[in-house]
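my_file.pdb follows (PDB, C-alpha atoms):
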MODEL        1
ATOM      1  CA  MET A 105       0.000   0.000   0.000
ATOM      2  CA  SER A 106       0.968   3.663   0.189
ATOM      3  CA  ASN A 107       3.139   5.694   2.514
ATOM      4  CA  ILE A 108       0.914   8.468   3.810
ATOM      5  CA  GLY A 109       1.940  11.533   5.774
ATOM      6  CA  PHE A 110      -1.073  12.451   7.913
ATOM      7  CA  ALA A 111      -0.789  16.043   9.132
ATOM      8  CA  LEU A 112      -3.075  17.663  11.698
ATOM      9  CA  SER A 113      -3.422  21.417  12.072
ATOM     10  CA  GLY A 114      -5.427  23.229  14.748
ATOM     11  CA  SER A 115      -9.066  22.483  14.015
ATOM     12  CA  PHE A 116      -9.323  20.624  17.311
ATOM     13  CA  CYS A 117     -13.052  19.878  17.025
ATOM     14  CA  THR A 118     -12.308  17.406  14.214
ATOM     15  CA  PHE A 119      -9.423  15.483  15.820
ATOM     16  CA  GLN A 120     -11.599  12.487  16.751
ATOM     17  CA  LYS A 121     -12.805  12.195  13.145
ATOM     18  CA  ALA A 122      -9.221  12.500  11.892
ATOM     19  CA  ILE A 123      -8.072   9.752  14.236
ATOM     20  CA  GLU A 124     -10.870   7.509  12.926
ATOM     21  CA  GLN A 125      -9.531   8.065   9.407
ATOM     22  CA  MET A 126      -6.001   7.221  10.576
ATOM     23  CA  LYS A 127      -7.401   3.932  11.873
ATOM     24  CA  ILE A 128      -9.188   3.225   8.583
ATOM     25  CA  LEU A 129      -6.070   3.956   6.533
ATOM     26  CA  THR A 130      -3.794   1.828   8.725
ATOM     27  CA  LEU A 131      -6.283  -1.061   8.764
ATOM     28  CA  ALA A 132      -6.379  -0.854   4.957
ATOM     29  CA  GLY A 133      -2.636  -1.533   4.995
ATOM     30  CA  HIS A 134      -1.275   1.974   4.457
ATOM     31  CA  ASN A 135       1.845   3.081   6.312
ATOM     32  CA  VAL A 136       0.668   6.249   8.083
ATOM     33  CA  THR A 137       3.107   8.696   9.670
ATOM     34  CA  PRO A 138       1.589  11.459  11.822
ATOM     35  CA  ILE A 139       2.639  15.109  11.607
ATOM     36  CA  MET A 140       1.304  17.839  13.880
ATOM     37  CA  SER A 141       1.507  21.616  13.893
ATOM     38  CA  PHE A 142       2.942  23.248  17.003
ATOM     39  CA  HIS A 143      -0.540  24.086  18.281
ATOM     40  CA  ALA A 144      -2.031  20.697  17.465
ATOM     41  CA  TYR A 145       0.874  19.001  19.256
ATOM     42  CA  ASN A 146       0.956  21.211  22.348
ATOM     43  CA  LEU A 147      -2.418  22.807  23.163
ATOM     44  CA  ASP A 148      -4.990  21.407  25.545
ATOM     45  CA  THR A 149      -8.483  22.493  24.497
ATOM     46  CA  LYS A 150     -12.090  21.814  25.434
ATOM     47  CA  PHE A 151     -11.900  18.946  22.916
ATOM     48  CA  GLY A 152      -9.138  17.122  24.807
ATOM     49  CA  LYS A 153      -5.637  17.136  26.182
ATOM     50  CA  ALA A 154      -2.744  17.315  23.744
ATOM     51  CA  ALA A 155      -0.874  14.477  25.498
ATOM     52  CA  ASP A 156      -3.911  12.203  25.166
ATOM     53  CA  PHE A 157      -4.246  12.918  21.442
ATOM     54  CA  ARG A 158      -0.507  12.344  20.912
ATOM     55  CA  GLU A 159      -0.648   8.995  22.699
ATOM     56  CA  ILE A 160      -3.640   7.790  20.682
ATOM     57  CA  ILE A 161      -2.190   8.999  17.362
ATOM     58  CA  GLU A 162       1.172   7.308  17.917
ATOM     59  CA  SER A 163      -0.585   4.111  18.993
ATOM     60  CA  VAL A 164      -2.807   4.068  15.903
ATOM     61  CA  CYS A 165      -0.027   4.883  13.441
ATOM     62  CA  GLY A 166       2.840   2.998  15.063
ATOM     63  CA  HIS A 167       5.161   5.949  14.381
ATOM     64  CA  SER A 168       6.409   8.882  16.411
ATOM     65  CA  ILE A 169       4.800  12.200  15.539
ATOM     66  CA  ILE A 170       6.763  14.612  13.381
ATOM     67  CA  HIS A 171       6.282  17.817  15.374
ATOM     68  CA  THR A 172       9.163  20.168  14.551
ATOM     69  CA  ILE A 173      10.163  21.998  11.397
ATOM     70  CA  ALA A 174      13.551  20.254  11.484
ATOM     71  CA  GLN A 175      11.851  16.829  11.556
ATOM     72  CA  ALA A 176       9.560  17.775   8.643
ATOM     73  CA  GLU A 177      12.238  19.190   6.332
ATOM     74  CA  PRO A 178      13.623  15.778   5.167
ATOM     75  CA  ILE A 179      10.176  14.617   3.977
ATOM     76  CA  GLY A 180      10.830  15.819   0.415
ATOM     77  CA  PRO A 181      14.523  14.998   0.054
ATOM     78  CA  GLN A 182      13.927  11.486   1.432
ATOM     79  CA  LYS A 183      10.701  11.052  -0.578
ATOM     80  CA  MET A 184       9.051   9.740   2.582
ATOM     81  CA  PHE A 185       5.440   9.794   1.398
ATOM     82  CA  ASP A 186       3.431   8.950  -1.690
ATOM     83  CA  VAL A 187       0.742  11.400  -0.581
ATOM     84  CA  LEU A 188       0.568  13.999   2.174
ATOM     85  CA  LEU A 189      -2.854  14.455   3.785
ATOM     86  CA  VAL A 190      -3.592  17.539   5.903
ATOM     87  CA  GLU A 191      -6.652  16.544   7.935
ATOM     88  CA  PRO A 192      -7.886  18.783   9.437
ATOM     89  CA  CYS A 193      -6.591  21.723   7.439
ATOM     90  CA  SER A 194      -7.444  24.877   9.379
ATOM     91  CA  GLY A 195      -8.110  28.306   7.902
ATOM     92  CA  ASN A 196      -4.782  29.485   9.287
ATOM     93  CA  THR A 197      -2.923  26.666   7.533
ATOM     94  CA  LEU A 198      -4.831  27.329   4.287
ATOM     95  CA  ALA A 199      -3.886  31.025   4.408
ATOM     96  CA  LYS A 200      -0.221  30.371   5.079
ATOM     97  CA  MET A 201      -0.050  27.672   2.402
ATOM     98  CA  ALA A 202      -1.643  29.974  -0.179
ATOM     99  CA  ALA A 203       0.838  32.728   0.746
ATOM    100  CA  GLY A 204       3.879  30.439   0.738
ATOM    101  CA  ILE A 205       4.551  30.847   4.469
ATOM    102  CA  VAL A 206       6.389  27.962   6.113
ATOM    103  CA  ASP A 207       6.434  28.368   9.896
ATOM    104  CA  THR A 208       4.967  25.126  11.268
ATOM    105  CA  PRO A 209       5.870  21.440  10.890
ATOM    106  CA  VAL A 210       2.729  20.883   8.773
ATOM    107  CA  LEU A 211       3.600  23.696   6.371
ATOM    108  CA  MET A 212       7.208  22.505   6.095
ATOM    109  CA  ALA A 213       5.924  19.003   5.389
ATOM    110  CA  VAL A 214       3.723  20.345   2.575
ATOM    111  CA  LYS A 215       6.515  22.457   1.086
ATOM    112  CA  SER A 216       9.056  19.652   1.324
ATOM    113  CA  HIS A 217       6.663  17.066  -0.128
ATOM    114  CA  LEU A 218       5.631  19.309  -3.048
ATOM    115  CA  ARG A 219       9.245  19.703  -4.184
ATOM    116  CA  ASN A 220       8.880  16.230  -5.733
ATOM    117  CA  ALA A 221       5.567  17.069  -7.448
ATOM    118  CA  ARG A 222       3.765  14.578  -5.223
ATOM    119  CA  PRO A 223       0.114  14.995  -4.213
ATOM    120  CA  VAL A 224      -1.025  16.980  -1.198
ATOM    121  CA  LEU A 225      -4.598  16.363  -0.057
ATOM    122  CA  LEU A 226      -6.383  18.971   2.074
ATOM    123  CA  ALA A 227      -9.369  18.297   4.334
ATOM    124  CA  VAL A 228     -10.676  21.803   5.002
ATOM    125  CA  SER A 229     -12.116  22.592   8.418
ATOM    126  CA  THR A 230     -12.702  26.280   9.061
ATOM    127  CA  ASN A 231     -15.519  28.543  10.180
ATOM    128  CA  ASP A 232     -14.657  31.160   7.534
ATOM    129  CA  ALA A 233     -14.257  28.983   4.426
ATOM    130  CA  LEU A 234     -17.035  30.916   2.665
ATOM    131  CA  GLY A 235     -15.704  34.197   4.036
ATOM    132  CA  ASN A 236     -12.131  35.376   4.323
ATOM    133  CA  ALA A 237     -10.646  31.917   3.724
ATOM    134  CA  ALA A 238     -12.478  31.510   0.392
ATOM    135  CA  LYS A 239      -9.733  33.340  -1.488
ATOM    136  CA  ASN A 240      -7.141  30.955  -0.053
ATOM    137  CA  ILE A 241      -9.163  27.882  -1.000
ATOM    138  CA  GLY A 242      -9.525  29.342  -4.494
ATOM    139  CA  ALA A 243      -5.781  29.926  -4.795
ATOM    140  CA  LEU A 244      -5.027  26.385  -3.644
ATOM    141  CA  LEU A 245      -7.620  24.884  -5.986
ATOM    142  CA  ASN A 246      -5.596  26.402  -8.807
ATOM    143  CA  MET A 247      -2.251  24.921  -7.681
ATOM    144  CA  ARG A 248      -0.787  21.796  -9.212
ATOM    145  CA  HIS A 249      -0.577  18.706  -7.026
ATOM    146  CA  ILE A 250      -3.069  20.102  -4.471
ATOM    147  CA  TYR A 251      -6.291  18.127  -4.025
ATOM    148  CA  PHE A 252      -9.232  18.400  -1.631
ATOM    149  CA  VAL A 253     -11.310  15.957   0.348
ATOM    150  CA  PRO A 254     -14.926  16.732  -0.638
ATOM    151  CA  MET A 255     -16.394  19.350   1.686
ATOM    152  CA  GLY A 256     -19.626  21.064   2.568
ATOM    153  CA  GLN A 257     -21.276  23.423   4.995
ATOM    154  CA  ASP A 258     -21.512  21.823   8.407
ATOM    155  CA  ASP A 259     -24.159  24.129   9.926
ATOM    156  CA  PRO A 260     -25.531  26.569   7.305
ATOM    157  CA  ASN A 261     -28.054  28.206   9.634
ATOM    158  CA  ARG A 262     -25.883  28.917  12.658
ATOM    159  CA  LYS A 263     -22.494  29.098  10.888
ATOM    160  CA  PRO A 264     -23.226  30.149   7.280
ATOM    161  CA  ARG A 265     -19.542  30.527   6.302
ATOM    162  CA  SER A 266     -18.293  27.329   7.928
ATOM    163  CA  VAL A 267     -17.126  24.370   5.827
ATOM    164  CA  VAL A 268     -15.788  20.991   6.911
ATOM    165  CA  ALA A 269     -14.452  18.193   4.746
ATOM    166  CA  ASP A 270     -16.494  15.007   4.730
ATOM    167  CA  PHE A 271     -13.893  12.838   6.425
ATOM    168  CA  ASP A 272     -15.741   9.696   5.324
ATOM    169  CA  TYR A 273     -14.344  10.381   1.839
ATOM    170  CA  THR A 274     -10.729  10.460   3.015
ATOM    171  CA  GLU A 275      -9.619   7.097   1.676
ATOM    172  CA  LEU A 276     -11.351   7.640  -1.680
ATOM    173  CA  ALA A 277      -9.773  11.095  -1.933
ATOM    174  CA  VAL A 278      -6.338   9.656  -1.074
ATOM    175  CA  ASN A 279      -6.680   7.087  -3.862
ATOM    176  CA  ALA A 280      -7.815   9.736  -6.336
ATOM    177  CA  ALA A 281      -4.934  12.066  -5.410
ATOM    178  CA  LEU A 282      -2.464   9.197  -5.822
ATOM    179  CA  ALA A 283      -3.892   8.718  -9.318
ATOM    180  CA  GLY A 284      -3.477  12.447 -10.028
ATOM    181  CA  SER A 285      -7.164  13.341  -9.985
ATOM    182  CA  GLN A 286      -9.561  15.308  -7.812
ATOM    183  CA  LEU A 287     -12.366  13.283  -6.248
ATOM    184  CA  GLN A 288     -15.650  14.785  -7.430
ATOM    185  CA  PRO A 289     -17.775  16.527  -6.516
ATOM    186  CA  ILE A 290     -15.553  18.766  -4.383
ATOM    187  CA  ILE A 291     -18.571  20.530  -2.870
ATOM    188  CA  LYS A 292     -21.036  18.213  -1.140
ATOM    189  CA  SER A 293     -24.595  19.213  -0.293
TER
ENDMDL
END
Would it be possible to restate this file's structure as structure tokens?
Amino acid sequence: MSNIGFALSGSFCTFQKAIEQMKILTLAGHNVTPIMSFHAYNLDTKFGKAADFREIIESVCGHSIIHTIAQAEPIGPQKMFDVLLVEPCSGNTLAKMAAGIVDTPVLMAVKSHLRNARPVLLAVSTNDALGNAAKNIGALLNMRHIYFVPMGQDDPNRKPRSVVADFDYTELAVNAALAGSQLQPIIKS
């Protein structure tokens, strides 16, 4: 199967769903290596303690978490992954990626992985996807080797600008990205 880099940025409310997808991918035989942004790795939130998430993630994947920029830099030169999945991909990470800013382990992983023209798959999770973050999603949609897990509004009435990827499509989206295509439709109703 494939070597997958599985990066988590700070949309903490989706960590449980992301961990479920890690389990699905590893049970399907993929070699999954976790990567976490500084905030994802270190912050305790109302959704759980960082140490608890780290323990579960390392147990599921069977690998230590890449959690520093220095650890993420060799990803490209060593061609560590066939595909790099950022799930969840926060609005902050989207903005920095679109602007070419590399100041977290996740962003370094993306930059390093893209140097080999290998696929990066983004699972958007942000409350302003249909607001300020829309321009960043648009810019990334236009970039080569960037793909998206299908996404849709998660609560149109109470959060009309919020969009979350449908994590249930992760494995299908990974396979499509590995084949060089975008899983359709990108926007789910």
* Compare A:Ala280, A:Leu211, A:Phe116, A:Asp272 by their minimum atom-to-atom distance to A:Leu147, counting only C-alpha atoms, and give me the closest one. =>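 Counting only C-alpha atoms, the residue closest to A:Leu147 is A:Phe116.
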task: Pick out the closest residue to A:Asp207 from this set: A:Arg262, A:Gly284, A:Phe142, A:Met184. Count only C-alpha atoms.
output: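 Checking each of A:Arg262, A:Gly284, A:Phe142, A:Met184 against A:Asp207, counting only C-alpha atoms, the winner is A:Phe142.
Interatomic distance, atom CA of A:Glu177 to atom CA of A:Lys215: 8.4 Å.
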List the spatial neighbours of A:Val210 as a list in words - criterion: any atom at most 8 Å away, all atoms listed in the file, same-chain residues fewer than 4 positions off excluded.
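Here the qualifying residues turn out to be Ala111, Leu112, Ser113, Ile139, Met140, Ser141, Ile173, Ala176, Val190 and Val214 of chain A.
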| query | Of the candidates A:Pro254, A:Gly152, A:Pro138, A:Gly133, which shows the shortest atom-to-atom distance to A:Tyr273, using only C-alpha atoms? | reply |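 Counting only C-alpha atoms, the residue closest to A:Tyr273 is A:Pro254.
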query: What do you get, as a PyMOL selection string, if you spell out every residue that the PyMOL selection byres ((chain A and resi 197-200) around 10) selects here?
result: chain A and resi 112-115+141+190+192-196+201-208+210-211+226+228-230+233+236-241+243-244
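Within the file as shown, the PyMOL selection byres ((chain A and resi 169) around 8) identifies Thr137, Pro138, Ile139, Met140, Arg158, Ile161, Glu162, His167, Ser168, Ile170 and His171 of chain A.
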*asked:* Neighbouring residues of A:Leu218 were defined as those with any atom within 8 Å, considering all atoms listed in the file; residues of the same chain fewer than 5 positions away were excluded. Please report them as a list in words.
replied: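 Result of the neighbour search: Gly180, Pro223, Val224 and His249 of chain A.
Once the PyMOL selection byres ((chain A and resi 281) around 8) is applied to this file, the selection holds Val187, Pro223, Val224, Leu225, Tyr251, Ala277, Val278, Asn279, Ala280, Leu282, Ala283, Gly284, Ser285, Gln286 and Leu287 of chain A.
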Using the file's own x, y and z axes, so that the box edges lie along x, y and z, what centre and edge lengths in Å (one decimal) does a box around every listed atom of stretch 199-211 of chain A get when 6 Å is added on each side? Give it as lines of an AutoDock Vina configuration file.
center_x = 1.3
center_y = 26.8
center_z = 5.5
size_x = 22.3
size_y = 23.8
size_z = 23.4
Atom pair atom CA of A:Gln125 + atom CA of A:Pro260, distance 24.6 Å
Could stretch 181-192 of chain A be completed with all heavy atoms and written as a compact mmCIF listing (two decimals), in the coordinates of the input, please?
# COMPACT_ATOMS: atom_id res chain seq x y z
N PRO A 181 13.26 15.60 0.51
CA PRO A 181 14.52 15.00 0.05
C PRO A 181 14.56 13.48 0.19
O PRO A 181 15.15 12.79 -0.64
CB PRO A 181 15.57 15.66 0.96
CG PRO A 181 14.97 16.98 1.33
CD PRO A 181 13.48 16.71 1.42
N GLN A 182 13.92 12.94 1.23
CA GLN A 182 13.93 11.49 1.43
C GLN A 182 12.74 10.79 0.75
O GLN A 182 12.61 9.57 0.85
CB GLN A 182 13.93 11.17 2.93
CG GLN A 182 15.20 11.59 3.62
CD GLN A 182 15.20 11.32 5.11
OE1 GLN A 182 14.33 10.62 5.65
NE2 GLN A 182 16.17 11.88 5.81
N LYS A 183 11.89 11.59 0.10
CA LYS A 183 10.70 11.05 -0.58
C LYS A 183 9.96 10.08 0.34
O LYS A 183 9.65 8.95 -0.02
CB LYS A 183 11.08 10.40 -1.90
CG LYS A 183 11.68 11.38 -2.88
CD LYS A 183 11.99 10.76 -4.20
CE LYS A 183 12.56 11.84 -5.13
NZ LYS A 183 12.97 11.29 -6.40
N MET A 184 9.63 10.58 1.54
CA MET A 184 9.05 9.74 2.58
C MET A 184 7.63 9.28 2.30
O MET A 184 7.23 8.21 2.75
CB MET A 184 9.09 10.49 3.92
CG MET A 184 10.49 10.68 4.47
SD MET A 184 10.55 11.73 5.96
CE MET A 184 9.58 10.79 7.11
N PHE A 185 6.86 10.10 1.56
CA PHE A 185 5.44 9.79 1.40
C PHE A 185 5.03 9.78 -0.07
O PHE A 185 5.55 10.53 -0.89
CB PHE A 185 4.58 10.82 2.14
CG PHE A 185 4.95 10.98 3.58
CD1 PHE A 185 5.27 12.22 4.09
CD2 PHE A 185 5.01 9.88 4.43
CE1 PHE A 185 5.64 12.38 5.42
CE2 PHE A 185 5.38 10.03 5.76
CZ PHE A 185 5.69 11.28 6.26
N ASP A 186 4.05 8.95 -0.37
CA ASP A 186 3.43 8.95 -1.69
C ASP A 186 2.40 10.06 -1.78
O ASP A 186 2.18 10.64 -2.85
CB ASP A 186 2.76 7.60 -1.96
CG ASP A 186 3.75 6.45 -1.87
OD1 ASP A 186 4.81 6.54 -2.52
OD2 ASP A 186 3.46 5.48 -1.15
N VAL A 187 1.74 10.34 -0.66
CA VAL A 187 0.74 11.40 -0.58
C VAL A 187 0.84 12.01 0.81
O VAL A 187 1.15 11.30 1.79
CB VAL A 187 -0.69 10.87 -0.87
CG1 VAL A 187 -1.11 9.83 0.15
CG2 VAL A 187 -1.70 12.00 -0.95
N LEU A 188 0.60 13.30 0.90
CA LEU A 188 0.57 14.00 2.17
C LEU A 188 -0.84 14.53 2.38
O LEU A 188 -1.35 15.31 1.57
CB LEU A 188 1.58 15.14 2.20
CG LEU A 188 1.62 15.97 3.48
CD1 LEU A 188 2.04 15.13 4.67
CD2 LEU A 188 2.57 17.14 3.32
N LEU A 189 -1.48 14.07 3.44
CA LEU A 189 -2.85 14.46 3.78
C LEU A 189 -2.81 15.43 4.95
O LEU A 189 -2.19 15.14 5.97
CB LEU A 189 -3.63 13.19 4.17
CG LEU A 189 -4.99 13.35 4.84
CD1 LEU A 189 -5.98 14.04 3.92
CD2 LEU A 189 -5.51 11.98 5.27
N VAL A 190 -3.45 16.59 4.80
CA VAL A 190 -3.59 17.54 5.90
C VAL A 190 -5.05 17.49 6.33
O VAL A 190 -5.94 18.01 5.65
CB VAL A 190 -3.19 18.97 5.49
CG1 VAL A 190 -3.28 19.90 6.71
CG2 VAL A 190 -1.78 19.00 4.91
N GLU A 191 -5.29 16.79 7.47
CA GLU A 191 -6.65 16.54 7.94
C GLU A 191 -6.67 16.59 9.45
O GLU A 191 -6.15 15.65 10.08
CB GLU A 191 -7.14 15.18 7.43
CG GLU A 191 -8.58 14.89 7.79
CD GLU A 191 -9.09 13.62 7.15
OE1 GLU A 191 -9.52 13.66 5.99
OE2 GLU A 191 -9.01 12.56 7.82
N PRO A 192 -7.21 17.63 10.03
CA PRO A 192 -7.89 18.78 9.44
C PRO A 192 -6.90 19.84 8.94
O PRO A 192 -5.80 19.97 9.45
CB PRO A 192 -8.70 19.34 10.60
CG PRO A 192 -7.88 19.00 11.81
CD PRO A 192 -7.26 17.67 11.51
